[in-house]
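Peer 1: Pasting my_file30.cif here (mmCIF, C-alpha atoms):
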```cif
data_run
loop_
_atom_site.label_atom_id
_atom_site.label_comp_id
_atom_site.auth_asym_id
_atom_site.auth_seq_id
_atom_site.Cartn_x
_atom_site.Cartn_y
_atom_site.Cartn_z
CA MET I 1 36.07 -58.96 30.35
CA LYS I 2 33.56 -61.33 28.75
CA SER I 3 31.00 -60.50 31.44
CA MET I 4 31.56 -56.79 30.85
CA GLY I 5 31.05 -57.21 27.10
CA MET I 6 27.82 -59.15 27.67
CA ASN I 7 26.49 -56.44 29.97
CA ILE I 8 27.34 -53.76 27.42
CA ARG I 9 25.62 -55.67 24.61
CA LEU I 10 22.51 -56.11 26.76
CA SER I 11 22.56 -52.41 27.65
CA ASN I 12 22.96 -51.49 23.97
CA ALA I 13 20.06 -53.72 22.93
CA THR I 14 17.85 -52.11 25.60
CA ALA I 15 18.88 -48.63 24.43
CA ARG I 16 18.15 -49.45 20.78
CA PHE I 17 14.69 -50.80 21.57
CA GLY I 18 14.13 -47.71 23.71
CA ALA I 19 15.04 -45.55 20.71
CA LEU I 20 12.52 -47.49 18.62
CA LEU I 21 9.79 -46.88 21.20
CA PHE I 22 10.71 -43.20 21.38
CA ALA I 23 10.43 -42.90 17.59
CA ALA I 24 7.06 -44.67 17.69
CA ALA I 25 5.87 -42.25 20.37
CA LEU I 26 6.93 -39.24 18.26
CA THR I 27 5.12 -40.68 15.24
CA ALA I 28 1.97 -41.26 17.31
CA LEU I 29 2.21 -37.72 18.64
CA ALA I 30 2.43 -36.32 15.10
CA VAL I 31 -0.59 -38.39 14.00
CA LEU I 32 -2.66 -37.35 17.02
CA ALA I 33 -1.75 -33.68 16.56
CA ARG I 34 -2.77 -33.72 12.91
CA ASN I 35 -5.99 -35.63 13.58
CA TRP I 36 -6.84 -33.21 16.40
CA GLN I 37 -6.33 -30.26 14.09
CA ASP I 38 -8.42 -31.86 11.33
CA THR I 39 -11.21 -32.67 13.80
CA ALA I 40 -11.15 -29.17 15.24
CA THR I 41 -11.37 -27.63 11.77
CA ALA I 42 -14.25 -29.87 10.74
CA THR I 43 -16.12 -29.22 14.02
CA ALA I 44 -15.60 -25.47 13.85
CA ALA I 45 -17.13 -25.07 10.39
CA PRO I 46 -19.19 -28.09 9.38
CA GLU I 47 -21.51 -25.94 7.33
CA THR I 48 -18.69 -24.83 5.02
CA THR I 49 -17.93 -28.32 3.70
CA PRO I 50 -20.96 -29.60 1.78
CA GLY I 51 -19.96 -31.55 -1.29
CA LEU I 52 -16.54 -32.35 0.20
CA LEU I 53 -15.10 -35.63 -1.12
CA LEU I 54 -12.11 -37.29 0.54
CA SER I 55 -10.31 -40.15 -1.15
CA SER I 56 -9.01 -41.80 2.01
CA PRO I 57 -9.43 -44.53 3.13
CA ALA I 58 -11.21 -45.99 0.09
CA THR I 59 -8.35 -45.27 -2.33
CA ASP I 60 -5.43 -45.85 0.05
CA PRO I 61 -4.48 -49.10 -1.74
CA VAL I 62 -3.68 -46.98 -4.84
CA SER I 63 0.00 -46.38 -4.25
CA GLY I 64 2.59 -44.21 -5.93
CA PHE I 65 6.33 -44.47 -5.30
CA GLY I 66 6.03 -43.95 -1.55
CA GLY I 67 2.39 -44.71 -0.76
CA PRO I 68 -1.12 -43.28 -1.26
CA THR I 69 -1.72 -39.84 -2.80
CA PRO I 70 -4.85 -38.66 -0.93
CA VAL I 71 -7.00 -35.98 -2.54
CA ARG I 72 -9.77 -33.62 -1.45
CA ILE I 73 -12.39 -32.70 -4.06
CA THR I 74 -15.01 -30.02 -3.51
CA LEU I 75 -18.29 -30.02 -5.46
CA ASP I 76 -20.70 -27.12 -5.83
CA PRO I 77 -23.70 -28.00 -3.58
CA GLY I 78 -26.22 -26.60 -6.06
CA SER I 79 -25.01 -27.68 -9.48
CA GLY I 80 -22.81 -30.61 -8.45
CA VAL I 81 -19.92 -29.46 -10.65
CA ILE I 82 -16.32 -29.71 -9.47
CA ARG I 83 -14.99 -26.64 -7.70
CA THR I 84 -11.49 -27.63 -6.57
CA ILE I 85 -9.15 -30.62 -6.55
CA GLU I 86 -6.50 -30.47 -3.82
CA PHE I 87 -3.92 -33.09 -2.96
CA LEU I 88 -3.14 -33.69 0.71
CA PRO I 89 0.36 -34.44 2.11
CA ASN I 90 1.87 -37.69 0.86
CA ALA I 91 5.16 -39.62 0.89
CA GLU I 92 6.12 -39.14 -2.77
CA ASP I 93 9.56 -37.83 -3.62
CA PRO I 94 9.15 -34.02 -3.26
CA GLU I 95 10.96 -33.20 -6.51
CA TYR I 96 8.87 -35.56 -8.61
CA TRP I 97 5.64 -34.74 -6.84
CA GLN I 98 6.30 -31.10 -7.71
CA ARG I 99 6.40 -32.16 -11.35
CA VAL I 100 2.94 -33.64 -10.95
CA ARG I 101 1.69 -30.41 -9.38
CA ASP I 102 3.30 -28.27 -12.06
CA ALA I 103 1.71 -30.39 -14.80
CA ASP I 104 -1.75 -29.36 -13.51
CA LEU I 105 -3.25 -32.63 -14.71
CA PHE I 106 -6.79 -31.74 -13.75
CA ALA I 107 -6.95 -28.13 -14.94
CA ALA I 108 -9.94 -28.95 -17.18
CA PHE I 109 -11.97 -30.62 -14.40
CA PRO I 110 -13.35 -27.58 -12.48
CA GLY I 111 -16.75 -26.54 -13.83
CA LYS I 112 -17.61 -30.04 -14.99
CA THR I 113 -19.68 -32.71 -13.27
CA PRO I 114 -17.88 -35.85 -12.06
CA ALA I 115 -19.41 -37.82 -14.97
CA GLU I 116 -18.18 -35.25 -17.49
CA ALA I 117 -14.72 -35.09 -15.93
CA LEU I 118 -14.40 -38.87 -16.17
CA GLN I 119 -14.66 -38.60 -19.96
CA LEU I 120 -11.54 -36.42 -20.13
CA PRO I 121 -8.26 -38.26 -20.87
CA VAL I 122 -5.37 -37.53 -18.51
CA ASP I 123 -1.80 -38.48 -19.35
CA ALA I 124 0.81 -39.48 -16.80
CA VAL I 125 3.70 -37.06 -16.30
CA THR I 126 6.92 -38.11 -17.99
CA GLY I 127 9.63 -38.50 -15.38
CA ALA I 128 7.12 -38.92 -12.55
CA THR I 129 5.09 -41.81 -13.90
CA LEU I 130 4.39 -43.67 -10.64
CA SER I 131 3.38 -40.54 -8.74
CA SER I 132 1.21 -39.09 -11.50
CA ARG I 133 -0.43 -42.45 -12.22
CA ALA I 134 -1.40 -42.79 -8.54
CA ALA I 135 -2.78 -39.24 -8.56
CA ILE I 136 -4.86 -39.93 -11.67
CA GLN I 137 -6.21 -43.23 -10.35
CA THR I 138 -7.13 -41.62 -7.03
CA VAL I 139 -9.05 -38.73 -8.59
CA GLN I 140 -10.81 -40.98 -11.09
CA SER I 141 -11.78 -43.42 -8.35
CA VAL I 142 -13.34 -40.67 -6.20
CA LEU I 143 -15.23 -39.18 -9.13
CA SER I 144 -16.49 -42.55 -10.34
CA ARG I 145 -17.80 -43.28 -6.85
CA VAL I 146 -19.85 -40.08 -6.65
CA ALA I 147 -20.95 -40.33 -10.30
CA ALA I 148 -22.01 -43.97 -9.78
CA THR I 149 -20.32 -44.89 -13.03
CA PRO I 150 -17.11 -46.78 -13.83
CA VAL I 151 -14.10 -45.01 -15.29
CA PRO I 152 -14.34 -45.21 -19.11
CA PRO I 153 -11.78 -47.62 -20.63
CA SER I 154 -10.43 -44.79 -22.83
CA VAL I 155 -9.13 -42.89 -19.79
CA ARG I 156 -8.62 -45.71 -17.29
CA GLN I 157 -5.04 -45.93 -16.07
CA PRO I 158 -3.29 -49.30 -15.58
CA GLU I 159 -3.55 -50.66 -12.07
CA ASN I 160 -0.54 -51.28 -9.86
CA SER I 161 -0.30 -55.06 -9.61
CA GLY I 162 2.36 -56.63 -7.45
CA LEU I 163 6.09 -56.05 -7.59
CA SER I 164 7.98 -55.43 -10.80
CA TRP I 165 10.98 -57.52 -11.82
CA ARG I 166 13.22 -54.62 -10.77
CA GLN I 167 11.77 -54.71 -7.25
CA TRP I 168 12.13 -58.50 -7.05
CA LEU I 169 15.76 -58.09 -8.11
CA ALA I 170 16.27 -55.51 -5.38
CA LEU I 171 14.70 -57.82 -2.77
CA LEU I 172 16.99 -60.67 -3.83
CA LEU I 173 20.02 -58.38 -3.55
CA ILE I 174 18.89 -57.23 -0.11
CA VAL I 175 18.96 -60.85 1.06
CA GLY I 176 22.51 -61.18 -0.29
CA ASN I 177 23.56 -58.03 1.55
CA LEU I 178 21.98 -59.35 4.73
CA VAL I 179 24.28 -62.38 4.48
CA ALA I 180 27.22 -60.04 3.89
CA LEU I 181 26.27 -58.16 7.06
CA PHE I 182 27.44 -61.16 9.10
CA ARG I 183 30.16 -62.30 6.68
CA PRO I 184 31.65 -58.99 5.44
CA LEU I 185 33.22 -58.96 1.99
CA ARG I 186 36.76 -57.65 1.53
CA GLY I 187 38.95 -56.42 -1.27
CA GLY I 188 37.64 -56.96 -4.76
CA TRP I 189 34.47 -58.64 -3.51
CA ARG I 190 33.60 -55.51 -1.53
CA VAL I 191 34.11 -53.40 -4.66
CA PHE I 192 31.86 -55.77 -6.61
CA GLN I 193 29.23 -55.50 -3.88
CA LEU I 194 29.36 -51.68 -3.99
CA VAL I 195 29.04 -51.57 -7.78
CA ILE I 196 26.09 -54.00 -7.86
CA ASN I 197 24.31 -52.20 -5.02
CA ALA I 198 24.69 -48.80 -6.66
CA ALA I 199 23.51 -50.13 -10.03
CA VAL I 200 20.47 -52.07 -8.77
CA PHE I 201 19.31 -50.02 -5.77
CA GLY I 202 20.09 -46.68 -7.38
CA PHE I 203 19.69 -46.75 -11.15
CA CYS I 204 17.57 -49.87 -11.73
CA ALA I 205 15.00 -50.33 -8.92
CA HIS I 206 15.25 -46.88 -7.31
CA CYS I 207 15.26 -48.64 -3.96
CA TYR I 208 16.58 -46.00 -1.58
CA PHE I 209 15.31 -43.96 1.31
CA SER I 210 15.48 -40.27 2.15
CA LEU I 211 14.64 -38.12 5.14
CA ALA I 212 12.01 -36.26 3.09
CA GLN I 213 10.31 -39.55 2.21
CA THR I 214 10.35 -40.67 5.86
CA ALA I 215 8.79 -37.36 6.88
CA GLY I 216 6.17 -37.89 4.16
CA TRP I 217 5.26 -41.27 5.62
CA MET I 218 4.79 -39.66 9.04
CA ARG I 219 2.58 -36.95 7.55
CA THR I 220 0.32 -39.47 5.82
CA LEU I 221 -0.15 -41.89 8.72
CA PRO I 222 -2.39 -43.59 9.58
CA HIS I 223 -3.46 -45.36 6.40
CA PRO I 224 -3.91 -49.08 5.72
CA ALA I 225 -1.86 -49.18 2.50
CA VAL I 226 1.71 -50.37 2.91
CA SER I 227 4.01 -49.69 -0.02
CA TRP I 228 6.94 -52.03 -0.57
CA LEU I 229 9.38 -49.23 0.30
CA LEU I 230 7.63 -48.64 3.63
CA PHE I 231 7.85 -52.36 4.36
CA LEU I 232 11.57 -52.35 3.54
CA PHE I 233 12.10 -49.30 5.72
CA ALA I 234 10.49 -51.06 8.69
CA ALA I 235 12.58 -54.19 8.03
CA VAL I 236 15.82 -52.19 7.82
CA VAL I 237 15.10 -50.38 11.10
CA LEU I 238 14.30 -53.69 12.82
CA ILE I 239 17.55 -55.25 11.57
CA ILE I 240 19.54 -52.27 12.88
CA VAL I 241 17.80 -52.45 16.26
CA LEU I 242 18.36 -56.21 16.57
CA THR I 243 21.97 -56.32 15.36
CA GLY I 244 23.28 -52.90 16.33
CA ARG I 245 24.81 -52.53 12.85
CA ASN I 246 24.02 -49.81 10.36
CA PHE I 247 22.74 -52.21 7.72
CA TYR I 248 21.29 -49.59 5.39
CA CYS I 249 24.05 -46.98 5.26
CA ASN I 250 26.89 -49.48 4.96
CA HIS I 251 25.25 -52.02 2.65
CA LEU I 252 22.15 -50.75 0.84
CA CYS I 253 22.36 -46.99 0.28
CA PRO I 254 23.37 -46.55 -3.38
CA PHE I 255 24.75 -43.06 -2.83
CA GLY I 256 26.83 -44.31 0.10
CA CYS I 257 28.14 -47.12 -2.13
CA LEU I 258 29.17 -44.63 -4.82
CA GLN I 259 30.93 -42.47 -2.24
CA GLU I 260 32.87 -45.45 -0.92
CA LEU I 261 33.86 -46.38 -4.48
CA ALA I 262 35.03 -42.80 -5.03
CA ALA I 263 37.08 -42.91 -1.82
CA LYS I 264 38.68 -46.20 -2.86
CA ALA I 265 39.55 -44.74 -6.26
CA GLY I 266 40.97 -41.63 -4.62
CA HIS I 267 43.06 -43.71 -2.24
CA LYS I 268 44.43 -45.77 -5.13
CA ALA I 269 45.28 -42.57 -7.02
CA GLY I 270 47.16 -41.22 -4.01
CA CYS I 271 44.68 -38.49 -3.08
CA THR I 272 45.20 -36.98 0.35
CA PHE I 273 42.36 -37.69 2.73
CA SER I 274 42.17 -34.60 4.87
CA GLY I 275 39.60 -32.14 6.05
CA PRO I 276 38.63 -29.72 8.81
CA ALA I 277 39.19 -31.71 11.97
CA VAL I 278 36.83 -29.51 14.00
CA PHE I 279 33.97 -29.42 11.51
CA PRO I 280 30.88 -30.66 13.40
CA GLY I 281 29.64 -32.95 10.64
CA GLY I 282 27.97 -35.40 13.00
CA TYR I 283 26.18 -32.57 14.77
CA LEU I 284 25.10 -30.96 11.52
CA ARG I 285 23.29 -34.02 10.21
CA ARG I 286 21.58 -34.43 13.60
CA ILE I 287 20.43 -30.83 13.40
CA ILE I 288 18.96 -31.55 9.95
CA LEU I 289 17.18 -34.60 11.37
CA ASN I 290 15.81 -32.66 14.34
CA LEU I 291 14.57 -29.82 12.14
CA THR I 292 12.76 -32.32 9.92
CA VAL I 293 11.13 -34.03 12.90
CA ALA I 294 10.09 -30.64 14.31
CA GLY I 295 8.63 -29.74 10.91
CA VAL I 296 6.49 -32.90 10.97
CA LEU I 297 5.32 -32.34 14.55
CA PHE I 298 4.43 -28.68 14.01
CA GLN I 299 3.29 -29.17 10.39
CA VAL I 300 5.92 -26.86 8.95
CA GLY I 301 7.14 -27.59 5.43
CA PHE I 302 10.87 -27.88 6.21
CA GLN I 303 12.47 -29.67 3.25
CA PRO I 304 16.14 -30.76 3.51
CA PHE I 305 18.20 -31.05 0.33
CA GLU I 306 19.04 -34.64 -0.56
CA PRO I 307 20.79 -35.80 -3.78
CA PHE I 308 19.12 -39.22 -4.09
CA SER I 309 16.81 -38.17 -6.93
CA ALA I 310 19.89 -37.94 -9.15
CA PHE I 311 19.63 -41.71 -9.70
CA ARG I 312 16.62 -41.14 -11.98
CA LEU I 313 18.81 -39.08 -14.33
CA GLN I 314 16.03 -36.56 -14.98
CA SER I 315 17.14 -33.44 -13.12
CA TRP I 316 20.38 -31.90 -14.37
CA TRP I 317 20.98 -29.79 -11.28
CA MET I 318 20.46 -32.79 -8.99
CA ILE I 319 22.84 -34.86 -11.12
CA ALA I 320 25.40 -32.02 -10.93
CA ALA I 321 25.06 -31.78 -7.15
CA GLY I 322 25.53 -35.53 -6.76
CA ALA I 323 28.57 -35.44 -9.06
CA VAL I 324 30.18 -32.65 -7.01
CA ILE I 325 29.70 -34.63 -3.80
CA LEU I 326 31.25 -37.72 -5.38
CA ILE I 327 34.25 -35.74 -6.63
CA VAL I 328 34.85 -34.33 -3.16
CA SER I 329 34.52 -37.89 -1.81
CA PHE I 330 37.77 -38.72 -3.59
CA PHE I 331 39.43 -36.61 -0.90
CA LEU I 332 36.90 -36.74 1.96
CA PRO I 333 35.42 -40.27 2.25
CA ARG I 334 31.63 -40.39 2.52
CA LEU I 335 31.35 -36.62 2.74
CA TRP I 336 27.56 -36.62 2.43
CA CYS I 337 27.05 -39.55 4.81
CA ARG I 338 29.22 -38.17 7.60
CA TRP I 339 28.34 -34.49 7.41
CA PHE I 340 24.95 -33.86 5.86
CA CYS I 341 22.76 -36.99 5.63
CA GLY I 342 19.82 -36.58 7.99
CA PHE I 343 18.54 -40.04 7.09
CA GLY I 344 21.91 -41.49 8.11
CA ALA I 345 21.53 -39.69 11.43
CA LEU I 346 18.14 -41.37 11.82
CA MET I 347 19.67 -44.81 11.19
CA GLU I 348 22.47 -44.00 13.62
CA PHE I 349 19.85 -43.04 16.22
CA PHE I 350 18.58 -46.63 16.15
CA ARG I 351 22.11 -48.11 16.13
CA ARG I 352 23.97 -46.08 18.71
CA GLY I 353 25.28 -47.58 21.92
CA THR I 354 28.37 -47.98 24.06
CA PRO I 355 31.31 -49.60 22.20
CA ASP I 356 31.85 -53.23 23.16
CA PRO I 357 35.52 -53.72 24.14
CA THR I 358 35.31 -57.42 23.25
CA GLN I 359 34.25 -56.78 19.64
CA LYS I 360 36.21 -55.33 16.75
CA GLY I 361 34.54 -52.48 14.87
CA THR I 362 33.59 -53.02 11.27
CA ARG I 363 35.61 -51.28 8.64
CA HIS I 364 32.67 -49.69 6.88
CA GLU I 365 30.66 -48.62 9.95
CA LEU I 366 29.72 -44.96 10.00
#
```
Show the structure stored in the file as structure tokens.

Peer 2:
Amino acid sequence: MKSMGMNIRLSNATARFGALLFAAALTALAVLARNWQDTATATAAPETTPGLLLSSPATDPVSGFGGPTPVRITLDPGSGVIRTIEFLPNAEDPEYWQRVRDADLFAAFPGKTPAEALQLPVDAVTGATLSSRAAIQTVQSVLSRVAATPVPPSVRQPENSGLSWRQWLALLLIVGNLVALFRPLRGGWRVFQLVINAAVFGFCAHCYFSLAQTAGWMRTLPHPAVSWLLFLFAAVVLIIVLTGRNFYCNHLCPFGCLQELAAKAGHKAGCTFSGPAVFPGGYLRRIILNLTVAGVLFQVGFQPFEPFSAFRLQSWWMIAAGAVILIVSFFLPRLWCRWFCGFGALMEFFRRGTPDPTQKGTRHEL
């Protein structure tokens, strides 16, 4: 029996590393396909792009919430004035990046020279500060480079410098959860863990991942800038591959923590945990994951709904959607996680393997 368990664990480890290599191959394929398309476009019509300014890679270190916000600026070849300012795909939260786009921060720039545009003040978008600040810094950096003049102090935006105290708090809590991965907490300590995780990762540091954000990272690769969230994502995936345990979904995801708290409250209140036994929840979230991956590979803008933005308390309809899911979780534990979360399906892809008959399953494992 012990020999059988060892063989299964070895087989599982091999399968998980194989899944990691497969994901890396898909990512490389997406990058190569996009680069091939960009090269083909540039080769087909080189004469149509005079005065074209690209921010990457010079401004890649300027990071928003999820990474760089690359921009493409077109100047009139004759007069040198700005024609268009277009942002390329990035890894910012789609809802908040849409706020930046709707704000039309640079509406006054077309028709002006880069030097003139640099004199115009631009305010960050309330509710999307990190994303809008990165966009402003990127555009100003590109214009200052072509105008051979520094950004005036009156319009210069503050630089991103290191991690904030909220992010350091989140990192410290991640270490504590990593310890709890091997020494699981029970009873009241588990409840305390769930409350702290939801408060810090969700409402304080906004340290959570989504399938849309992961797809954004794939669309923006390769770039040298590594945001702290991208680093954490890589670390979480590596921990799952090495341990075979769903570290993120069961310990770090703030929305998963809130759902588990709701289920515990429902159980204590005597709510009946029941649901459609034949509902293909596991298959549905895999379908969502596969559609997202296909959208990245074929450059189609498929955008799955995800309630994680509700933690910023700035979108009433997102808050309402998250509240509805939590209410239903009183009766159906982890409804979102088990049925609809494409990111959870991605984490499960790296964790999956044959059950080890010599090991007891964890109580919180998805």

Peer 1: Looking at I:Ser131, I:Asn197, I:Gln140, I:Gln299, which one is nearest to Leu258 in chain I, with distances taken over only C-alpha atoms?

Peer 2: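 The shortest atom-to-atom distance to Leu258 in chain I comes from I:Asn197.
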
Peer 1: Could you give me, as a list in words, the residues that have an atom at most 12 Å away from the point (16.4, -35.3, -16.8) in the coordinates of the file, using all atoms listed in the file?

Peer 2: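 Within the cut-off we find Glu95, Tyr96, Arg99, Thr126, Gly127, Ala128, Ser309, Ala310, Phe311, Arg312, Leu313, Gln314, Ser315, Trp316, Trp317, Met318, Ile319 and Ala320 of chain I.
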
Peer 1: Calculated over only C-alpha atoms, which of the candidates I:Ser56, I:Thr27, I:Val142, I:Arg133 has the smallest distance to Thr74 in chain I?

Peer 2: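 With only C-alpha atoms as the atom set, the closest residue is I:Val142.
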
Peer 1: Would you work out the distance separating CA of Cys253 in chain I from CA of Tyr208 in chain I, expressed in Å to one decimal?

Peer 2: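 CA of Cys253 in chain I sits 6.2 Å away from CA of Tyr208 in chain I.
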
Peer 1: Expand the PyMOL selection byres ((chain I and resi 226-239) around 9) into the explicit residue set it covers here, and present it as a VMD selection string.

Peer 2: chain I and resid 20 60 to 61 63 to 68 163 167 171 207 to 209 214 217 223 to 225 240 to 248 347 350 to 351

Peer 1: One decimal, Å: what's the distance from CA of Arg190 in chain I over to CA of Arg9 in chain I, could you say?

Peer 2: 27.3 Å

Peer 1: Using all atoms listed in the file, what residues lie at most 10 Å away from (12.1, -38.7, 5.2) (file coordinates), given as a JSON list (two decimals) with C-alpha atoms, in the coordinates of the input?

Peer 2:
```
[["chain", "number", "residue", "atom", "x", "y", "z"],
["I", 91, "ALA", "CA", 5.16, -39.62, 0.89],
["I", 92, "GLU", "CA", 6.12, -39.14, -2.77],
["I", 93, "ASP", "CA", 9.56, -37.83, -3.62],
["I", 209, "PHE", "CA", 15.31, -43.96, 1.31],
["I", 210, "SER", "CA", 15.48, -40.27, 2.15],
["I", 211, "LEU", "CA", 14.64, -38.12, 5.14],
["I", 212, "ALA", "CA", 12.01, -36.26, 3.09],
["I", 213, "GLN", "CA", 10.31, -39.55, 2.21],
["I", 214, "THR", "CA", 10.35, -40.67, 5.86],
["I", 215, "ALA", "CA", 8.79, -37.36, 6.88],
["I", 216, "GLY", "CA", 6.17, -37.89, 4.16],
["I", 217, "TRP", "CA", 5.26, -41.27, 5.62],
["I", 218, "MET", "CA", 4.79, -39.66, 9.04],
["I", 219, "ARG", "CA", 2.58, -36.95, 7.55],
["I", 289, "LEU", "CA", 17.18, -34.60, 11.37],
["I", 292, "THR", "CA", 12.76, -32.32, 9.92],
["I", 293, "VAL", "CA", 11.13, -34.03, 12.90],
["I", 296, "VAL", "CA", 6.49, -32.90, 10.97],
["I", 303, "GLN", "CA", 12.47, -29.67, 3.25],
["I", 304, "PRO", "CA", 16.14, -30.76, 3.51],
["I", 306, "GLU", "CA", 19.04, -34.64, -0.56],
["I", 342, "GLY", "CA", 19.82, -36.58, 7.99],
["I", 343, "PHE", "CA", 18.54, -40.04, 7.09],
["I", 346, "LEU", "CA", 18.14, -41.37, 11.82]]
```

Peer 1: Of the candidates I:Leu326, I:Ala135, I:Leu284, I:Leu252, which shows the shortest atom-to-atom distance to Arg338 in chain I, using only C-alpha atoms?

Peer 2: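 Once distances to Arg338 in chain I are computed over only C-alpha atoms, the minimum belongs to I:Leu284.
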
Peer 1: Which residue, I:Ala115, I:Cys341, I:Ala170, I:Leu332, has the smallest gap to Asn290 in chain I when you use only C-alpha atoms?

Peer 2: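 Using only C-alpha atoms, Asn290 in chain I sits closest to I:Cys341.
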
Peer 1: Kindly indicate which residue among I:Ser79, I:Thr129, I:Thr14, I:Ser55 lies nearest to Arg145 in chain I, using only C-alpha atoms for the distances.

Peer 2: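 Once distances to Arg145 in chain I are computed over only C-alpha atoms, the minimum belongs to I:Ser55.
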
Peer 1: Would you pick out the contacts of Val191 in chain I at 9 Å or less, using only C-alpha atoms, so that residues sharing its chain but fewer than 5 positions from it are not included, and give the list as a tab-separated table (two decimals) with C-alpha atoms, in the frame of the given file?

Peer 2:
```tsv
chain	number	residue	atom	x	y	z
I	185	LEU	CA	33.22	-58.96	1.99
I	186	ARG	CA	36.76	-57.65	1.53
I	196	ILE	CA	26.09	-54.00	-7.86
I	260	GLU	CA	32.87	-45.45	-0.92
I	261	LEU	CA	33.86	-46.38	-4.48
I	264	LYS	CA	38.68	-46.20	-2.86
```

Peer 1: So, counting all atoms listed in the file, which residue among I:Gly80, I:Pro307, I:Gly322, I:Gly344 is closest to Tyr283 in chain I?

Peer 2: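 For Tyr283 in chain I, the nearest of the given residues is I:Gly344.
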
Peer 1: Find the residues around Ala263 in chain I up to 12 Å (all atoms listed in the file counted), leave out those fewer than 2 positions away in its own chain, and share them as a PyMOL selection string.

Peer 2: chain I and resi 191+194+256-261+265-274+325-335+364

Peer 1: Using C-alpha atoms, can you export the residues from the last selection as a CSV table (one decimal), keeping the file's coordinate frame?

Peer 2:
```
chain,number,residue,atom,x,y,z
I,191,VAL,CA,34.1,-53.4,-4.7
I,194,LEU,CA,29.4,-51.7,-4.0
I,256,GLY,CA,26.8,-44.3,0.1
I,257,CYS,CA,28.1,-47.1,-2.1
I,258,LEU,CA,29.2,-44.6,-4.8
I,259,GLN,CA,30.9,-42.5,-2.2
I,260,GLU,CA,32.9,-45.4,-0.9
I,261,LEU,CA,33.9,-46.4,-4.5
I,265,ALA,CA,39.6,-44.7,-6.3
I,266,GLY,CA,41.0,-41.6,-4.6
I,267,HIS,CA,43.1,-43.7,-2.2
I,268,LYS,CA,44.4,-45.8,-5.1
I,269,ALA,CA,45.3,-42.6,-7.0
I,270,GLY,CA,47.2,-41.2,-4.0
I,271,CYS,CA,44.7,-38.5,-3.1
I,272,THR,CA,45.2,-37.0,0.4
I,273,PHE,CA,42.4,-37.7,2.7
I,274,SER,CA,42.2,-34.6,4.9
I,325,ILE,CA,29.7,-34.6,-3.8
I,326,LEU,CA,31.2,-37.7,-5.4
I,327,ILE,CA,34.2,-35.7,-6.6
I,328,VAL,CA,34.8,-34.3,-3.2
I,329,SER,CA,34.5,-37.9,-1.8
I,330,PHE,CA,37.8,-38.7,-3.6
I,331,PHE,CA,39.4,-36.6,-0.9
I,332,LEU,CA,36.9,-36.7,2.0
I,333,PRO,CA,35.4,-40.3,2.2
I,334,ARG,CA,31.6,-40.4,2.5
I,335,LEU,CA,31.4,-36.6,2.7
I,364,HIS,CA,32.7,-49.7,6.9
```

Peer 1: Grab the CA of Trp168 in chain I to CA of Val195 in chain I distance for me, in Å with one decimal place.

Peer 2: 18.3 Å

Peer 1: With the PyMOL selection byres ((chain I and resi 82) around 8) as the selection, what would be picked from this file? Answer as a count of residues only, please.

Peer 2: 15
